Amino acid sequence: MNELVCIGKVINFFGIKGELKILSDFEKQNLAFKCGNKIMIKEEWMTITSVRRHKNYILIRVNNLNDINLITKYIGFNVYIKKADLSLSDDEYLLDDLIDATVIDDGKNIGEIIDAYMGTGSSYVRVMYKNKEYLIPLVEAYIKSFDKDKKKLYTNNAKDLII
């Protein structure tokens, strides 16, 4: 399970003390951006040594690099972490895990997930069913469970969302 997951992108530096300014829409930021976590930027593995938020950005320092001249080479590159390092519990999953999963609503196959994304306030999956697309919000009202091994999302009343 050494699968790499993109958790953000270095868009700039912040200040002169060596902080990287990360733009991230990753849904498990609290698990990914923690001191001690190993991340990869520009094919280099490094350790997060400080983390803080500033507006809509995450500011991190890596390998205790405290000089702007040592970090500017990372600007514009994606930030990756090993999926195993996120320490997801058995009932936790990433949005990317849902892609290509079969949606089962009350025992009936109602389509396959073709995309998953975070919207405002909730996450959604885009489902294809008989050449029609529809959205299912990932909220308790519709989602029962997700079987990671079988790639099946079990829902309740999601068929009512098909137009």
# chains A, B, ... in the order shown; residues from 1 in each chain; ligands from 1
$ closest_atom_pairs --of "segment 52-115 of chain A" --to "segment 129-144 of chain A" --cutoff "9 Å" --atoms "only C-alpha atoms" --output "tab-separated table"
residue	atom	partner	partner_atom	distance
A:Ile110	CA	A:Tyr129	CA	6.1
A:Gly111	CA	A:Tyr129	CA	4.4
A:Glu112	CA	A:Tyr129	CA	6.8
A:Ile114	CA	A:Glu133	CA	9.0
$ residues_around --residues "segment 87-91 of chain A" --least-positions-apart "4" --cutoff "9 Å" --atoms "only C-alpha atoms" --output "list in words"
Leu31, Lys83, Ser145, Phe146, Asp147 and Lys148 of chain A
$ write_last_selection --atoms "C-alpha atoms" --output "compact mmCIF listing (two decimals), in the first residue's frame"
# COMPACT_ATOMS: atom_id res chain seq x y z
CA LEU A 31 -4.35 13.54 8.67
CA LYS A 83 -1.76 6.52 1.51
CA SER A 145 -21.41 2.30 3.83
CA PHE A 146 -18.54 1.77 1.44
CA ASP A 147 -16.84 -1.59 0.97
CA LYS A 148 -13.27 -0.71 -0.08
$ residues_around --residues "Glu27 of chain A" --least-positions-apart "3" --cutoff "8 Å" --atoms "only C-alpha atoms" --output "list in words"
Leu94, Leu95 and Met118 of chain A
$ residues_around --residues "Asn66 of chain A" --least-positions-apart "3" --cutoff "10 Å" --atoms "only C-alpha atoms" --output "list in words"
Ile16, Lys17, Gly18, Glu19, Arg61, Val62, Asn63, Asn69, Leu70 and Ile71 of chain A
$ select_by_dssp --residues "chain A" --states "alpha helix (DSSP H)" --output "ChimeraX atom specification"
/A:29-32,68-71,95-98
$ write_last_selection --atoms "N, CA, C and O atoms" --output "short mmCIF file (atom, residue, chain, number, x, y, z; two decimals), in the first residue's frame"
data_model
loop_
_atom_site.label_atom_id
_atom_site.label_comp_id
_atom_site.auth_asym_id
_atom_site.auth_seq_id
_atom_site.Cartn_x
_atom_site.Cartn_y
_atom_site.Cartn_z
N GLN A 29 -7.13 16.74 5.24
CA GLN A 29 -5.97 17.59 5.52
C GLN A 29 -5.43 17.39 6.93
O GLN A 29 -4.22 17.43 7.15
N ASN A 30 -6.34 17.16 7.89
CA ASN A 30 -5.90 16.99 9.27
C ASN A 30 -5.03 15.74 9.45
O ASN A 30 -4.19 15.70 10.36
N LEU A 31 -5.18 14.74 8.60
CA LEU A 31 -4.35 13.54 8.67
C LEU A 31 -3.06 13.70 7.88
O LEU A 31 -2.02 13.14 8.24
N ALA A 32 -3.12 14.44 6.78
CA ALA A 32 -1.97 14.57 5.89
C ALA A 32 -0.95 15.60 6.38
O ALA A 32 0.26 15.34 6.36
N ILE A 68 14.59 30.85 2.95
CA ILE A 68 13.81 30.97 1.72
C ILE A 68 14.57 30.42 0.51
O ILE A 68 13.98 29.83 -0.39
N ASN A 69 15.89 30.58 0.49
CA ASN A 69 16.68 30.15 -0.66
C ASN A 69 16.72 28.63 -0.82
O ASN A 69 17.00 28.13 -1.89
N LEU A 70 16.39 27.90 0.25
CA LEU A 70 16.42 26.44 0.19
C LEU A 70 15.09 25.83 -0.26
O LEU A 70 15.03 24.65 -0.58
N ILE A 71 14.03 26.64 -0.28
CA ILE A 71 12.70 26.08 -0.59
C ILE A 71 12.08 26.58 -1.89
O ILE A 71 11.11 26.01 -2.34
N LEU A 95 -11.96 10.16 -1.33
CA LEU A 95 -12.86 10.33 -2.47
C LEU A 95 -12.37 9.56 -3.69
O LEU A 95 -13.16 8.98 -4.43
N ASP A 96 -11.06 9.52 -3.90
CA ASP A 96 -10.50 8.79 -5.03
C ASP A 96 -10.80 7.29 -4.95
O ASP A 96 -10.86 6.61 -5.98
N ASP A 97 -10.96 6.76 -3.74
CA ASP A 97 -11.28 5.34 -3.58
C ASP A 97 -12.64 5.00 -4.18
O ASP A 97 -12.90 3.85 -4.55
N LEU A 98 -13.51 5.97 -4.26
CA LEU A 98 -14.87 5.75 -4.75
C LEU A 98 -14.97 5.62 -6.26
O LEU A 98 -15.92 5.02 -6.78
#
$ closest_residue --among "A:Leu161, A:Ile41, A:Cys6, A:Cys35" --to "Ile60 of chain A" --atoms "only C-alpha atoms"
A:Cys35
$ atom_distance --atom1 "atom CA of Lys151 of chain A" --atom2 "atom CA of Lys34 of chain A"
28.7 Å
$ residues_around --residues "Tyr57 of chain A" --least-positions-apart "5" --cutoff "7 Å" --atoms "only C-alpha atoms" --output "mmCIF file with N, CA, C and O atoms, in the first residue's frame"
data_model
loop_
_atom_site.group_PDB
_atom_site.id
_atom_site.type_symbol
_atom_site.label_atom_id
_atom_site.label_comp_id
_atom_site.auth_asym_id
_atom_site.auth_seq_id
_atom_site.Cartn_x
_atom_site.Cartn_y
_atom_site.Cartn_z
ATOM 1 N N LYS A 21 3.910 27.568 0.986
ATOM 2 C CA LYS A 21 2.485 27.899 0.955
ATOM 3 C C LYS A 21 1.790 26.865 0.072
ATOM 4 O O LYS A 21 2.052 26.782 -1.126
ATOM 5 N N ILE A 22 0.915 26.062 0.695
ATOM 6 C CA ILE A 22 0.267 24.947 0.014
ATOM 7 C C ILE A 22 -1.200 25.263 -0.227
ATOM 8 O O ILE A 22 -1.909 25.692 0.681
ATOM 9 N N LEU A 23 -1.652 25.028 -1.447
ATOM 10 C CA LEU A 23 -3.071 25.094 -1.779
ATOM 11 C C LEU A 23 -3.562 23.653 -1.827
ATOM 12 O O LEU A 23 -3.013 22.830 -2.564
#
$ closest_residue --among "A:Met40, A:Ile58, A:Ala158, A:Ala101" --to "Asn12 of chain A" --atoms "only C-alpha atoms"
A:Ile58
$ decode --residues "segment 118-154 of chain A" --atoms "N, CA, C and O atoms" --output "PDB file, in the first residue's frame"
ATOM      1  N   MET A 118     -15.254  17.403  -3.810  1.00  0.00           N
ATOM      2  CA  MET A 118     -15.770  18.163  -2.678  1.00  0.00           C
ATOM      3  C   MET A 118     -16.495  19.381  -3.206  1.00  0.00           C
ATOM      4  O   MET A 118     -15.961  20.115  -4.033  1.00  0.00           O
ATOM      5  N   GLY A 119     -17.720  19.574  -2.745  1.00  0.00           N
ATOM      6  CA  GLY A 119     -18.479  20.760  -3.100  1.00  0.00           C
ATOM      7  C   GLY A 119     -18.484  21.708  -1.916  1.00  0.00           C
ATOM      8  O   GLY A 119     -17.675  21.586  -1.007  1.00  0.00           O
ATOM      9  N   THR A 120     -19.380  22.646  -1.920  1.00  0.00           N
ATOM     10  CA  THR A 120     -19.489  23.550  -0.790  1.00  0.00           C
ATOM     11  C   THR A 120     -20.321  22.885   0.291  1.00  0.00           C
ATOM     12  O   THR A 120     -21.484  22.586   0.097  1.00  0.00           O
ATOM     13  N   GLY A 121     -19.695  22.596   1.403  1.00  0.00           N
ATOM     14  CA  GLY A 121     -20.402  22.015   2.533  1.00  0.00           C
ATOM     15  C   GLY A 121     -20.481  20.507   2.524  1.00  0.00           C
ATOM     16  O   GLY A 121     -20.673  19.895   3.555  1.00  0.00           O
ATOM     17  N   SER A 122     -20.317  19.861   1.391  1.00  0.00           N
ATOM     18  CA  SER A 122     -20.422  18.406   1.331  1.00  0.00           C
ATOM     19  C   SER A 122     -19.592  17.887   0.173  1.00  0.00           C
ATOM     20  O   SER A 122     -19.139  18.639  -0.676  1.00  0.00           O
ATOM     21  N   SER A 123     -19.441  16.572   0.137  1.00  0.00           N
ATOM     22  CA  SER A 123     -18.778  15.918  -0.976  1.00  0.00           C
ATOM     23  C   SER A 123     -19.847  15.219  -1.811  1.00  0.00           C
ATOM     24  O   SER A 123     -20.903  14.852  -1.303  1.00  0.00           O
ATOM     25  N   TYR A 124     -19.530  15.019  -3.078  1.00  0.00           N
ATOM     26  CA  TYR A 124     -20.483  14.417  -3.999  1.00  0.00           C
ATOM     27  C   TYR A 124     -19.781  13.366  -4.837  1.00  0.00           C
ATOM     28  O   TYR A 124     -18.570  13.437  -5.058  1.00  0.00           O
ATOM     29  N   VAL A 125     -20.560  12.421  -5.330  1.00  0.00           N
ATOM     30  CA  VAL A 125     -20.067  11.506  -6.345  1.00  0.00           C
ATOM     31  C   VAL A 125     -20.941  11.653  -7.577  1.00  0.00           C
ATOM     32  O   VAL A 125     -22.135  11.875  -7.472  1.00  0.00           O
ATOM     33  N   ARG A 126     -20.291  11.596  -8.730  1.00  0.00           N
ATOM     34  CA  ARG A 126     -21.008  11.643 -10.000  1.00  0.00           C
ATOM     35  C   ARG A 126     -21.179  10.204 -10.467  1.00  0.00           C
ATOM     36  O   ARG A 126     -20.197   9.464 -10.585  1.00  0.00           O
ATOM     37  N   VAL A 127     -22.405   9.823 -10.710  1.00  0.00           N
ATOM     38  CA  VAL A 127     -22.722   8.442 -11.048  1.00  0.00           C
ATOM     39  C   VAL A 127     -23.267   8.372 -12.466  1.00  0.00           C
ATOM     40  O   VAL A 127     -24.051   9.221 -12.874  1.00  0.00           O
ATOM     41  N   MET A 128     -22.831   7.354 -13.200  1.00  0.00           N
ATOM     42  CA  MET A 128     -23.343   7.100 -14.539  1.00  0.00           C
ATOM     43  C   MET A 128     -24.289   5.906 -14.459  1.00  0.00           C
ATOM     44  O   MET A 128     -23.945   4.858 -13.928  1.00  0.00           O
ATOM     45  N   TYR A 129     -25.508   6.091 -14.964  1.00  0.00           N
ATOM     46  CA  TYR A 129     -26.508   5.027 -14.977  1.00  0.00           C
ATOM     47  C   TYR A 129     -27.272   5.092 -16.288  1.00  0.00           C
ATOM     48  O   TYR A 129     -27.944   6.090 -16.570  1.00  0.00           O
ATOM     49  N   LYS A 130     -27.135   4.047 -17.099  1.00  0.00           N
ATOM     50  CA  LYS A 130     -27.823   3.989 -18.398  1.00  0.00           C
ATOM     51  C   LYS A 130     -27.653   5.285 -19.192  1.00  0.00           C
ATOM     52  O   LYS A 130     -28.612   5.917 -19.598  1.00  0.00           O
ATOM     53  N   ASN A 131     -26.393   5.705 -19.357  1.00  0.00           N
ATOM     54  CA  ASN A 131     -26.032   6.902 -20.115  1.00  0.00           C
ATOM     55  C   ASN A 131     -26.577   8.204 -19.531  1.00  0.00           C
ATOM     56  O   ASN A 131     -26.683   9.202 -20.231  1.00  0.00           O
ATOM     57  N   LYS A 132     -26.967   8.197 -18.275  1.00  0.00           N
ATOM     58  CA  LYS A 132     -27.377   9.415 -17.586  1.00  0.00           C
ATOM     59  C   LYS A 132     -26.447   9.629 -16.402  1.00  0.00           C
ATOM     60  O   LYS A 132     -26.032   8.679 -15.748  1.00  0.00           O
ATOM     61  N   GLU A 133     -26.145  10.884 -16.154  1.00  0.00           N
ATOM     62  CA  GLU A 133     -25.313  11.225 -14.998  1.00  0.00           C
ATOM     63  C   GLU A 133     -26.171  11.875 -13.937  1.00  0.00           C
ATOM     64  O   GLU A 133     -27.098  12.623 -14.242  1.00  0.00           O
ATOM     65  N   TYR A 134     -25.843  11.588 -12.682  1.00  0.00           N
ATOM     66  CA  TYR A 134     -26.509  12.257 -11.577  1.00  0.00           C
ATOM     67  C   TYR A 134     -25.557  12.324 -10.392  1.00  0.00           C
ATOM     68  O   TYR A 134     -24.531  11.640 -10.365  1.00  0.00           O
ATOM     69  N   LEU A 135     -25.880  13.169  -9.443  1.00  0.00           N
ATOM     70  CA  LEU A 135     -25.033  13.376  -8.271  1.00  0.00           C
ATOM     71  C   LEU A 135     -25.669  12.771  -7.029  1.00  0.00           C
ATOM     72  O   LEU A 135     -26.871  12.860  -6.834  1.00  0.00           O
ATOM     73  N   ILE A 136     -24.826  12.195  -6.195  1.00  0.00           N
ATOM     74  CA  ILE A 136     -25.262  11.731  -4.881  1.00  0.00           C
ATOM     75  C   ILE A 136     -24.408  12.460  -3.853  1.00  0.00           C
ATOM     76  O   ILE A 136     -23.178  12.346  -3.873  1.00  0.00           O
ATOM     77  N   PRO A 137     -25.029  13.211  -2.950  1.00  0.00           N
ATOM     78  CA  PRO A 137     -24.245  13.838  -1.882  1.00  0.00           C
ATOM     79  C   PRO A 137     -23.796  12.777  -0.879  1.00  0.00           C
ATOM     80  O   PRO A 137     -24.543  11.849  -0.571  1.00  0.00           O
ATOM     81  N   LEU A 138     -22.564  12.887  -0.411  1.00  0.00           N
ATOM     82  CA  LEU A 138     -22.035  11.925   0.555  1.00  0.00           C
ATOM     83  C   LEU A 138     -22.436  12.346   1.967  1.00  0.00           C
ATOM     84  O   LEU A 138     -21.619  12.826   2.754  1.00  0.00           O
ATOM     85  N   VAL A 139     -23.705  12.163   2.251  1.00  0.00           N
ATOM     86  CA  VAL A 139     -24.252  12.487   3.571  1.00  0.00           C
ATOM     87  C   VAL A 139     -25.019  11.268   4.086  1.00  0.00           C
ATOM     88  O   VAL A 139     -25.425  10.398   3.315  1.00  0.00           O
ATOM     89  N   GLU A 140     -25.225  11.217   5.393  1.00  0.00           N
ATOM     90  CA  GLU A 140     -25.877  10.068   6.023  1.00  0.00           C
ATOM     91  C   GLU A 140     -27.256   9.758   5.454  1.00  0.00           C
ATOM     92  O   GLU A 140     -27.680   8.604   5.457  1.00  0.00           O
ATOM     93  N   ALA A 141     -27.959  10.758   4.968  1.00  0.00           N
ATOM     94  CA  ALA A 141     -29.297  10.539   4.428  1.00  0.00           C
ATOM     95  C   ALA A 141     -29.276   9.584   3.227  1.00  0.00           C
ATOM     96  O   ALA A 141     -30.273   8.919   2.945  1.00  0.00           O
ATOM     97  N   TYR A 142     -28.148   9.501   2.511  1.00  0.00           N
ATOM     98  CA  TYR A 142     -28.055   8.658   1.325  1.00  0.00           C
ATOM     99  C   TYR A 142     -27.035   7.529   1.440  1.00  0.00           C
ATOM    100  O   TYR A 142     -27.188   6.493   0.814  1.00  0.00           O
ATOM    101  N   ILE A 143     -25.981   7.715   2.208  1.00  0.00           N
ATOM    102  CA  ILE A 143     -24.887   6.743   2.237  1.00  0.00           C
ATOM    103  C   ILE A 143     -25.003   5.833   3.450  1.00  0.00           C
ATOM    104  O   ILE A 143     -25.078   6.299   4.588  1.00  0.00           O
ATOM    105  N   LYS A 144     -25.002   4.518   3.187  1.00  0.00           N
ATOM    106  CA  LYS A 144     -24.975   3.538   4.274  1.00  0.00           C
ATOM    107  C   LYS A 144     -23.532   3.183   4.615  1.00  0.00           C
ATOM    108  O   LYS A 144     -23.111   3.329   5.754  1.00  0.00           O
ATOM    109  N   SER A 145     -22.801   2.704   3.603  1.00  0.00           N
ATOM    110  CA  SER A 145     -21.414   2.296   3.832  1.00  0.00           C
ATOM    111  C   SER A 145     -20.684   2.149   2.501  1.00  0.00           C
ATOM    112  O   SER A 145     -21.301   2.164   1.432  1.00  0.00           O
ATOM    113  N   PHE A 146     -19.377   1.994   2.611  1.00  0.00           N
ATOM    114  CA  PHE A 146     -18.537   1.767   1.437  1.00  0.00           C
ATOM    115  C   PHE A 146     -17.636   0.575   1.723  1.00  0.00           C
ATOM    116  O   PHE A 146     -16.923   0.557   2.717  1.00  0.00           O
ATOM    117  N   ASP A 147     -17.690  -0.422   0.862  1.00  0.00           N
ATOM    118  CA  ASP A 147     -16.837  -1.590   0.972  1.00  0.00           C
ATOM    119  C   ASP A 147     -15.625  -1.360   0.072  1.00  0.00           C
ATOM    120  O   ASP A 147     -15.729  -1.448  -1.155  1.00  0.00           O
ATOM    121  N   LYS A 148     -14.482  -1.036   0.683  1.00  0.00           N
ATOM    122  CA  LYS A 148     -13.272  -0.711  -0.078  1.00  0.00           C
ATOM    123  C   LYS A 148     -12.785  -1.907  -0.901  1.00  0.00           C
ATOM    124  O   LYS A 148     -12.315  -1.731  -2.018  1.00  0.00           O
ATOM    125  N   ASP A 149     -12.880  -3.102  -0.328  1.00  0.00           N
ATOM    126  CA  ASP A 149     -12.358  -4.281  -1.009  1.00  0.00           C
ATOM    127  C   ASP A 149     -13.180  -4.648  -2.239  1.00  0.00           C
ATOM    128  O   ASP A 149     -12.630  -4.991  -3.279  1.00  0.00           O
ATOM    129  N   LYS A 150     -14.487  -4.560  -2.136  1.00  0.00           N
ATOM    130  CA  LYS A 150     -15.371  -4.929  -3.250  1.00  0.00           C
ATOM    131  C   LYS A 150     -15.706  -3.742  -4.150  1.00  0.00           C
ATOM    132  O   LYS A 150     -16.360  -3.914  -5.174  1.00  0.00           O
ATOM    133  N   LYS A 151     -15.260  -2.536  -3.759  1.00  0.00           N
ATOM    134  CA  LYS A 151     -15.549  -1.299  -4.501  1.00  0.00           C
ATOM    135  C   LYS A 151     -17.056  -1.133  -4.712  1.00  0.00           C
ATOM    136  O   LYS A 151     -17.546  -0.988  -5.831  1.00  0.00           O
ATOM    137  N   LYS A 152     -17.801  -1.178  -3.603  1.00  0.00           N
ATOM    138  CA  LYS A 152     -19.252  -1.009  -3.657  1.00  0.00           C
ATOM    139  C   LYS A 152     -19.667   0.047  -2.636  1.00  0.00           C
ATOM    140  O   LYS A 152     -19.287  -0.021  -1.469  1.00  0.00           O
ATOM    141  N   LEU A 153     -20.447   1.015  -3.119  1.00  0.00           N
ATOM    142  CA  LEU A 153     -21.008   2.049  -2.259  1.00  0.00           C
ATOM    143  C   LEU A 153     -22.474   1.698  -2.035  1.00  0.00           C
ATOM    144  O   LEU A 153     -23.253   1.615  -2.991  1.00  0.00           O
ATOM    145  N   TYR A 154     -22.824   1.462  -0.788  1.00  0.00           N
ATOM    146  CA  TYR A 154     -24.199   1.097  -0.450  1.00  0.00           C
ATOM    147  C   TYR A 154     -24.944   2.359  -0.037  1.00  0.00           C
ATOM    148  O   TYR A 154     -24.484   3.106   0.828  1.00  0.00           O
TER     149      TYR A 154
END
